[in-house]
Amino acid sequence: MDLGNLQRGYIDYISALFHEGFLDSQFTQLQQLQDESNPEFVLEVATLFFEDSEKLLNELSRTLDQQAVDFKKVDAHVHQLKGSSSSIGAQRVKNVCIAFRDICEETNKEGCLQQVKQEFYLVKSKLETLFRLERQILAAGGSIPIMW
Amino acid sequence: MANSMLLALLVEDNAIARVVVSKLMVEQGMALEEAENGKAAVESVKGGKSYDLILMDREMPVMDGHEATKQLRLLGVKAPIVALSADTQQCHKDLFLQAGADEFIEKPLTKDKLAQILTKYGLRRGP
């Protein structure tokens with residue numbers, strides 16, 4: 001695929017991520033912070049988010065599996081995930097975390113967990129695709145289109 | 001580089017938030033120290049540390065932002081304390097201001113919001 005098509009594909013893909021609510025303006029903030037002194041800043045933060053979130057989701061599952069569920073622990077884990085997703089601009093993950101804390105009844109925590117997991121793995125997959133597109137553009141000798 | 005960089009303290013329990021704010025601060029030419037909760041912030045000051053600006057998260061384990069703000073003011077900290085929280089309910093804002101915070105900013109902290117804070121408190125270095 002030629003460079004022009006790759007770049008157009010990138011623009012369409014990232015535009016859709018914003019339009020569908022996967023990403024919000026905080027992601028743009030991260031992109032604006034990326035510069036020559038730290039050319040992989042967004043990737044680094046995203047990688048940290050992926051690793052941190054998987055640990056939190058595993059902890060959440062373990063906590064909810066206990067016979068006597070420690071709901072304070074559940075709330076603490078969801079609070080962390082809400083903070084992380086907000087910091088990276090993963091809007092849909094942030095929103096399901098807010099719902100988890102505010103709306104989900106105690107008997108429905110497992111259902112809420114599944115929603116959080118679903119949104120997390122969705123945005124992870126989409127960001128991984130985005131970073132793959134960026135690598136393809138750079139490998140073709142081009143530059144990543146700036147969206148702001 | 002200036003001989004004495006301005007020093008801020010970020011009190012925030014979320015690791016990813018700390019990474020992002022740290023980058024924002026570096027971009028603005030400020031040095032930054034981090035504390036993972038309110039108690040660590042208070043201990044820093046008790047240990048003799050002095051800051052030009054304190055960014056204080058609200059909800060943290062061990063000691064939350066309200067309590068940490070109160071204790072820092074009791075210790076005689078005069079630096080601006082800017083509360084950061086995603087929760088913008090008036091009651092939380094009021095509690096923070098009563099505890100001694102100078103203002104309340106909605107998270108996440110952005111480049112523009114940080115620039116406004118630094119300008120407001122006279123913490124921007126020259127171009």
# chains A, B, ... in the order shown; residues from 1 in each chain; ligands from 1
call {"tool": "residues_around", "arguments": {"residues": "B:Glu27", "least_positions_apart": "4", "cutoff": "12 Å", "atoms": "only C-alpha atoms", "output": "JSON, numbers by chain"}}
result
{"A": [32, 33, 34, 35, 37, 38], "B": [20, 21, 22, 23, 31, 32, 110, 111, 112, 114, 115, 124, 125]}
call {"tool": "select_by_dssp", "arguments": {"residues": "stretch 1-70 of chain A", "states": "helix (DSSP H, G or I)", "output": "PDB file with N, CA and C atoms, in the first residue's frame"}}
result
ATOM      1  N   LEU A   3       2.147   5.233   0.548  1.00  0.00           N
ATOM      2  CA  LEU A   3       2.177   6.051   1.750  1.00  0.00           C
ATOM      3  C   LEU A   3       0.897   6.868   1.902  1.00  0.00           C
ATOM      4  N   GLY A   4       0.444   7.443   0.809  1.00  0.00           N
ATOM      5  CA  GLY A   4      -0.756   8.277   0.843  1.00  0.00           C
ATOM      6  C   GLY A   4      -1.951   7.505   1.360  1.00  0.00           C
ATOM      7  N   ASN A   5      -2.101   6.267   0.877  1.00  0.00           N
ATOM      8  CA  ASN A   5      -3.226   5.432   1.335  1.00  0.00           C
ATOM      9  C   ASN A   5      -3.090   5.072   2.802  1.00  0.00           C
ATOM     10  N   LEU A   6      -1.839   4.798   3.206  1.00  0.00           N
ATOM     11  CA  LEU A   6      -1.603   4.463   4.619  1.00  0.00           C
ATOM     12  C   LEU A   6      -2.005   5.640   5.509  1.00  0.00           C
ATOM     13  N   GLN A   7      -1.586   6.829   5.102  1.00  0.00           N
ATOM     14  CA  GLN A   7      -1.886   8.006   5.920  1.00  0.00           C
ATOM     15  C   GLN A   7      -3.385   8.309   5.936  1.00  0.00           C
ATOM     16  N   ARG A   8      -4.023   8.142   4.789  1.00  0.00           N
ATOM     17  CA  ARG A   8      -5.483   8.369   4.741  1.00  0.00           C
ATOM     18  C   ARG A   8      -6.193   7.335   5.605  1.00  0.00           C
ATOM     19  N   GLY A   9      -5.733   6.107   5.544  1.00  0.00           N
ATOM     20  CA  GLY A   9      -6.311   5.037   6.370  1.00  0.00           C
ATOM     21  C   GLY A   9      -6.148   5.344   7.843  1.00  0.00           C
ATOM     22  N   TYR A  10      -4.997   5.878   8.213  1.00  0.00           N
ATOM     23  CA  TYR A  10      -4.721   6.249   9.607  1.00  0.00           C
ATOM     24  C   TYR A  10      -5.699   7.327  10.069  1.00  0.00           C
ATOM     25  N   ILE A  11      -5.863   8.343   9.230  1.00  0.00           N
ATOM     26  CA  ILE A  11      -6.761   9.457   9.584  1.00  0.00           C
ATOM     27  C   ILE A  11      -8.188   8.937   9.776  1.00  0.00           C
ATOM     28  N   ASP A  12      -8.624   8.083   8.862  1.00  0.00           N
ATOM     29  CA  ASP A  12      -9.987   7.528   8.973  1.00  0.00           C
ATOM     30  C   ASP A  12     -10.119   6.706  10.251  1.00  0.00           C
ATOM     31  N   TYR A  13      -9.092   5.914  10.543  1.00  0.00           N
ATOM     32  CA  TYR A  13      -9.164   5.017  11.700  1.00  0.00           C
ATOM     33  C   TYR A  13      -9.198   5.801  13.003  1.00  0.00           C
ATOM     34  N   ILE A  14      -8.291   6.749  13.145  1.00  0.00           N
ATOM     35  CA  ILE A  14      -8.255   7.479  14.413  1.00  0.00           C
ATOM     36  C   ILE A  14      -9.484   8.382  14.562  1.00  0.00           C
ATOM     37  N   SER A  15      -9.963   8.917  13.447  1.00  0.00           N
ATOM     38  CA  SER A  15     -11.190   9.736  13.499  1.00  0.00           C
ATOM     39  C   SER A  15     -12.357   8.907  14.022  1.00  0.00           C
ATOM     40  N   ALA A  16     -12.418   7.670  13.547  1.00  0.00           N
ATOM     41  CA  ALA A  16     -13.500   6.777  14.003  1.00  0.00           C
ATOM     42  C   ALA A  16     -13.373   6.483  15.492  1.00  0.00           C
ATOM     43  N   LEU A  17     -12.156   6.333  15.968  1.00  0.00           N
ATOM     44  CA  LEU A  17     -11.969   6.055  17.400  1.00  0.00           C
ATOM     45  C   LEU A  17     -12.515   7.195  18.259  1.00  0.00           C
ATOM     46  N   PHE A  18     -12.318   8.420  17.806  1.00  0.00           N
ATOM     47  CA  PHE A  18     -12.871   9.573  18.533  1.00  0.00           C
ATOM     48  C   PHE A  18     -14.389   9.634  18.352  1.00  0.00           C
ATOM     49  N   HIS A  19     -14.820   9.428  17.124  1.00  0.00           N
ATOM     50  CA  HIS A  19     -16.257   9.525  16.828  1.00  0.00           C
ATOM     51  C   HIS A  19     -17.068   8.477  17.598  1.00  0.00           C
ATOM     52  N   SER A  25     -10.486  13.786  24.209  1.00  0.00           N
ATOM     53  CA  SER A  25      -9.467  14.825  23.987  1.00  0.00           C
ATOM     54  C   SER A  25      -8.196  14.592  24.800  1.00  0.00           C
ATOM     55  N   GLN A  26      -8.285  13.808  25.870  1.00  0.00           N
ATOM     56  CA  GLN A  26      -7.079  13.536  26.657  1.00  0.00           C
ATOM     57  C   GLN A  26      -6.050  12.771  25.826  1.00  0.00           C
ATOM     58  N   PHE A  27      -6.507  11.926  24.907  1.00  0.00           N
ATOM     59  CA  PHE A  27      -5.569  11.207  24.036  1.00  0.00           C
ATOM     60  C   PHE A  27      -4.821  12.201  23.150  1.00  0.00           C
ATOM     61  N   THR A  28      -5.546  13.208  22.694  1.00  0.00           N
ATOM     62  CA  THR A  28      -4.915  14.262  21.890  1.00  0.00           C
ATOM     63  C   THR A  28      -3.853  14.995  22.713  1.00  0.00           C
ATOM     64  N   GLN A  29      -4.151  15.208  23.996  1.00  0.00           N
ATOM     65  CA  GLN A  29      -3.169  15.825  24.897  1.00  0.00           C
ATOM     66  C   GLN A  29      -1.876  15.009  24.920  1.00  0.00           C
ATOM     67  N   LEU A  30      -2.022  13.689  24.998  1.00  0.00           N
ATOM     68  CA  LEU A  30      -0.839  12.826  25.021  1.00  0.00           C
ATOM     69  C   LEU A  30      -0.060  12.955  23.714  1.00  0.00           C
ATOM     70  N   GLN A  31      -0.784  12.990  22.598  1.00  0.00           N
ATOM     71  CA  GLN A  31      -0.114  13.114  21.307  1.00  0.00           C
ATOM     72  C   GLN A  31       0.645  14.437  21.224  1.00  0.00           C
ATOM     73  N   GLN A  32       0.068  15.476  21.805  1.00  0.00           N
ATOM     74  CA  GLN A  32       0.722  16.789  21.776  1.00  0.00           C
ATOM     75  C   GLN A  32       1.962  16.825  22.664  1.00  0.00           C
ATOM     76  N   LEU A  33       2.000  15.937  23.660  1.00  0.00           N
ATOM     77  CA  LEU A  33       3.165  15.878  24.550  1.00  0.00           C
ATOM     78  C   LEU A  33       4.321  15.103  23.910  1.00  0.00           C
ATOM     79  N   PHE A  41       6.226   8.573  23.410  1.00  0.00           N
ATOM     80  CA  PHE A  41       5.538   8.849  24.677  1.00  0.00           C
ATOM     81  C   PHE A  41       4.160   8.206  24.715  1.00  0.00           C
ATOM     82  N   VAL A  42       3.385   8.355  23.655  1.00  0.00           N
ATOM     83  CA  VAL A  42       2.020   7.818  23.655  1.00  0.00           C
ATOM     84  C   VAL A  42       2.053   6.300  23.781  1.00  0.00           C
ATOM     85  N   LEU A  43       2.945   5.665  23.040  1.00  0.00           N
ATOM     86  CA  LEU A  43       3.067   4.212  23.101  1.00  0.00           C
ATOM     87  C   LEU A  43       3.472   3.763  24.506  1.00  0.00           C
ATOM     88  N   GLU A  44       4.385   4.499  25.120  1.00  0.00           N
ATOM     89  CA  GLU A  44       4.846   4.153  26.469  1.00  0.00           C
ATOM     90  C   GLU A  44       3.695   4.246  27.477  1.00  0.00           C
ATOM     91  N   VAL A  45       2.941   5.328  27.397  1.00  0.00           N
ATOM     92  CA  VAL A  45       1.824   5.500  28.331  1.00  0.00           C
ATOM     93  C   VAL A  45       0.753   4.439  28.068  1.00  0.00           C
ATOM     94  N   ALA A  46       0.498   4.159  26.798  1.00  0.00           N
ATOM     95  CA  ALA A  46      -0.512   3.148  26.465  1.00  0.00           C
ATOM     96  C   ALA A  46      -0.077   1.774  26.968  1.00  0.00           C
ATOM     97  N   THR A  47       1.189   1.456  26.809  1.00  0.00           N
ATOM     98  CA  THR A  47       1.706   0.156  27.262  1.00  0.00           C
ATOM     99  C   THR A  47       1.568   0.030  28.771  1.00  0.00           C
ATOM    100  N   LEU A  48       1.887   1.108  29.461  1.00  0.00           N
ATOM    101  CA  LEU A  48       1.723   1.136  30.922  1.00  0.00           C
ATOM    102  C   LEU A  48       0.257   0.943  31.293  1.00  0.00           C
ATOM    103  N   PHE A  49      -0.614   1.585  30.554  1.00  0.00           N
ATOM    104  CA  PHE A  49      -2.059   1.459  30.780  1.00  0.00           C
ATOM    105  C   PHE A  49      -2.514   0.013  30.567  1.00  0.00           C
ATOM    106  N   PHE A  50      -2.037  -0.620  29.503  1.00  0.00           N
ATOM    107  CA  PHE A  50      -2.439  -2.005  29.227  1.00  0.00           C
ATOM    108  C   PHE A  50      -1.994  -2.919  30.368  1.00  0.00           C
ATOM    109  N   GLU A  51      -0.735  -2.796  30.783  1.00  0.00           N
ATOM    110  CA  GLU A  51      -0.183  -3.684  31.814  1.00  0.00           C
ATOM    111  C   GLU A  51      -0.890  -3.449  33.147  1.00  0.00           C
ATOM    112  N   ASP A  52      -1.032  -2.180  33.492  1.00  0.00           N
ATOM    113  CA  ASP A  52      -1.642  -1.801  34.765  1.00  0.00           C
ATOM    114  C   ASP A  52      -3.090  -2.270  34.829  1.00  0.00           C
ATOM    115  N   SER A  53      -3.801  -2.077  33.731  1.00  0.00           N
ATOM    116  CA  SER A  53      -5.231  -2.417  33.695  1.00  0.00           C
ATOM    117  C   SER A  53      -5.454  -3.916  33.759  1.00  0.00           C
ATOM    118  N   GLU A  54      -4.605  -4.683  33.081  1.00  0.00           N
ATOM    119  CA  GLU A  54      -4.775  -6.149  33.121  1.00  0.00           C
ATOM    120  C   GLU A  54      -4.590  -6.649  34.554  1.00  0.00           C
ATOM    121  N   LYS A  55      -3.602  -6.055  35.241  1.00  0.00           N
ATOM    122  CA  LYS A  55      -3.385  -6.449  36.656  1.00  0.00           C
ATOM    123  C   LYS A  55      -4.620  -6.102  37.480  1.00  0.00           C
ATOM    124  N   LEU A  56      -5.146  -4.902  37.262  1.00  0.00           N
ATOM    125  CA  LEU A  56      -6.319  -4.466  38.028  1.00  0.00           C
ATOM    126  C   LEU A  56      -7.523  -5.357  37.737  1.00  0.00           C
ATOM    127  N   LEU A  57      -7.721  -5.707  36.482  1.00  0.00           N
ATOM    128  CA  LEU A  57      -8.869  -6.550  36.122  1.00  0.00           C
ATOM    129  C   LEU A  57      -8.724  -7.942  36.732  1.00  0.00           C
ATOM    130  N   ASN A  58      -7.511  -8.457  36.762  1.00  0.00           N
ATOM    131  CA  ASN A  58      -7.286  -9.758  37.399  1.00  0.00           C
ATOM    132  C   ASN A  58      -7.581  -9.673  38.894  1.00  0.00           C
ATOM    133  N   GLU A  59      -7.103  -8.587  39.501  1.00  0.00           N
ATOM    134  CA  GLU A  59      -7.365  -8.392  40.935  1.00  0.00           C
ATOM    135  C   GLU A  59      -8.859  -8.269  41.207  1.00  0.00           C
ATOM    136  N   LEU A  60      -9.539  -7.527  40.347  1.00  0.00           N
ATOM    137  CA  LEU A  60     -10.988  -7.350  40.483  1.00  0.00           C
ATOM    138  C   LEU A  60     -11.708  -8.694  40.415  1.00  0.00           C
ATOM    139  N   SER A  61     -11.337  -9.494  39.427  1.00  0.00           N
ATOM    140  CA  SER A  61     -11.956 -10.823  39.279  1.00  0.00           C
ATOM    141  C   SER A  61     -11.738 -11.648  40.534  1.00  0.00           C
ATOM    142  N   ARG A  62     -10.481 -11.624  41.027  1.00  0.00           N
ATOM    143  CA  ARG A  62     -10.140 -12.417  42.213  1.00  0.00           C
ATOM    144  C   ARG A  62     -10.954 -11.944  43.408  1.00  0.00           C
ATOM    145  N   THR A  63     -11.065 -10.628  43.545  1.00  0.00           N
ATOM    146  CA  THR A  63     -11.791 -10.059  44.686  1.00  0.00           C
ATOM    147  C   THR A  63     -13.277 -10.419  44.628  1.00  0.00           C
ATOM    148  N   LEU A  64     -13.848 -10.364  43.443  1.00  0.00           N
ATOM    149  CA  LEU A  64     -15.277 -10.684  43.297  1.00  0.00           C
ATOM    150  C   LEU A  64     -15.552 -12.171  43.440  1.00  0.00           C
ATOM    151  N   ASP A  65     -14.515 -12.987  43.239  1.00  0.00           N
ATOM    152  CA  ASP A  65     -14.683 -14.439  43.351  1.00  0.00           C
ATOM    153  C   ASP A  65     -14.718 -14.924  44.791  1.00  0.00           C
TER     154      ASP A  65
END
call {"tool": "interface_residues", "arguments": {"of": "chain B", "to": "chain A", "cutoff": "7 Å", "atoms": "only C-alpha atoms", "output": "PyMOL selection string"}}
result
chain B and resi 14+16-17+108+110
call {"tool": "select_by_dssp", "arguments": {"residues": "chain B", "states": "strand (DSSP E or B)", "output": "number ranges by chain"}}
result
B: 7-11, 31-35, 53-57, 81-85, 103-106
call {"tool": "residues_around", "arguments": {"residues": "stretch 40-45 of chain B", "least_positions_apart": "2", "cutoff": "7 Å", "atoms": "only C-alpha atoms", "output": "list in words"}}
result
Val11, Ala35, Glu36, Asn37, Gly38, Gly47, Gly48, Lys49, Ser50, Ala68, Gln71 and Leu72 of chain B
call {"tool": "residues_around", "arguments": {"residues": "A:Lys117", "least_positions_apart": "3", "cutoff": "9 Å", "atoms": "only C-alpha atoms", "output": "list in words"}}
result
Glu54, Leu57, Val93, Cys112, Leu113, Gln114, Phe120, Tyr121 and Leu122 of chain A
call {"tool": "write_last_selection", "arguments": {"atoms": "N, CA and C atoms", "output": "JSON list (two decimals), in the first residue's frame"}}
result
[["chain", "number", "residue", "atom", "x", "y", "z"],
["A", 54, "GLU", "N", -4.60, -4.68, 33.08],
["A", 54, "GLU", "CA", -4.78, -6.15, 33.12],
["A", 54, "GLU", "C", -4.59, -6.65, 34.55],
["A", 57, "LEU", "N", -7.72, -5.71, 36.48],
["A", 57, "LEU", "CA", -8.87, -6.55, 36.12],
["A", 57, "LEU", "C", -8.72, -7.94, 36.73],
["A", 93, "VAL", "N", -13.90, 3.19, 28.58],
["A", 93, "VAL", "CA", -13.48, 2.45, 29.77],
["A", 93, "VAL", "C", -13.76, 3.30, 31.01],
["A", 112, "CYS", "N", -21.06, -5.91, 35.73],
["A", 112, "CYS", "CA", -20.32, -4.66, 35.51],
["A", 112, "CYS", "C", -18.87, -4.96, 35.17],
["A", 113, "LEU", "N", -18.30, -5.96, 35.85],
["A", 113, "LEU", "CA", -16.92, -6.33, 35.58],
["A", 113, "LEU", "C", -16.76, -6.76, 34.13],
["A", 114, "GLN", "N", -17.72, -7.53, 33.64],
["A", 114, "GLN", "CA", -17.65, -8.00, 32.25],
["A", 114, "GLN", "C", -17.70, -6.82, 31.29],
["A", 120, "PHE", "N", -12.29, -2.50, 27.95],
["A", 120, "PHE", "CA", -10.84, -2.42, 28.02],
["A", 120, "PHE", "C", -10.20, -3.17, 26.84],
["A", 121, "TYR", "N", -10.63, -4.40, 26.62],
["A", 121, "TYR", "CA", -10.00, -5.20, 25.57],
["A", 121, "TYR", "C", -10.30, -4.64, 24.18],
["A", 122, "LEU", "N", -11.46, -4.01, 24.06],
["A", 122, "LEU", "CA", -11.79, -3.35, 22.79],
["A", 122, "LEU", "C", -10.82, -2.20, 22.52]]
call {"tool": "residues_around", "arguments": {"residues": "B:Leu97", "least_positions_apart": "5", "cutoff": "10 Å", "atoms": "only C-alpha atoms", "output": "ChimeraX atom specification"}}
result
/B:66,69-70,81-83,91-92,102-104
call {"tool": "write_last_selection", "arguments": {"atoms": "C-alpha atoms", "output": "CSV table (one decimal), in the first residue's frame"}}
result
chain,number,residue,atom,x,y,z
B,66,HIS,CA,-8.8,17.0,51.9
B,69,THR,CA,-4.3,19.8,52.5
B,70,LYS,CA,-5.5,20.5,56.1
B,81,ILE,CA,-2.4,24.0,46.6
B,82,VAL,CA,-4.5,23.1,43.6
B,83,ALA,CA,-7.0,20.3,44.1
B,91,CYS,CA,-19.4,19.4,48.4
B,92,HIS,CA,-16.0,18.1,47.4
B,102,ASP,CA,-6.5,27.6,46.7
B,103,GLU,CA,-8.6,26.2,43.9
B,104,PHE,CA,-10.2,23.1,42.4
call {"tool": "atom_distance", "arguments": {"atom1": "atom CA of A:Val78", "atom2": "atom CA of A:Cys97"}}
result
6.0 Å
call {"tool": "closest_residue", "arguments": {"among": "A:Glu20, A:Glu110, A:Asp2, A:Glu119", "to": "A:Gln66", "atoms": "only C-alpha atoms"}}
result
A:Glu110
call {"tool": "residues_around", "arguments": {"residues": "B:Lys107", "least_positions_apart": "2", "cutoff": "6 Å", "atoms": "only C-alpha atoms", "output": "PyMOL selection string"}}
result
chain B and resi 84-86+109
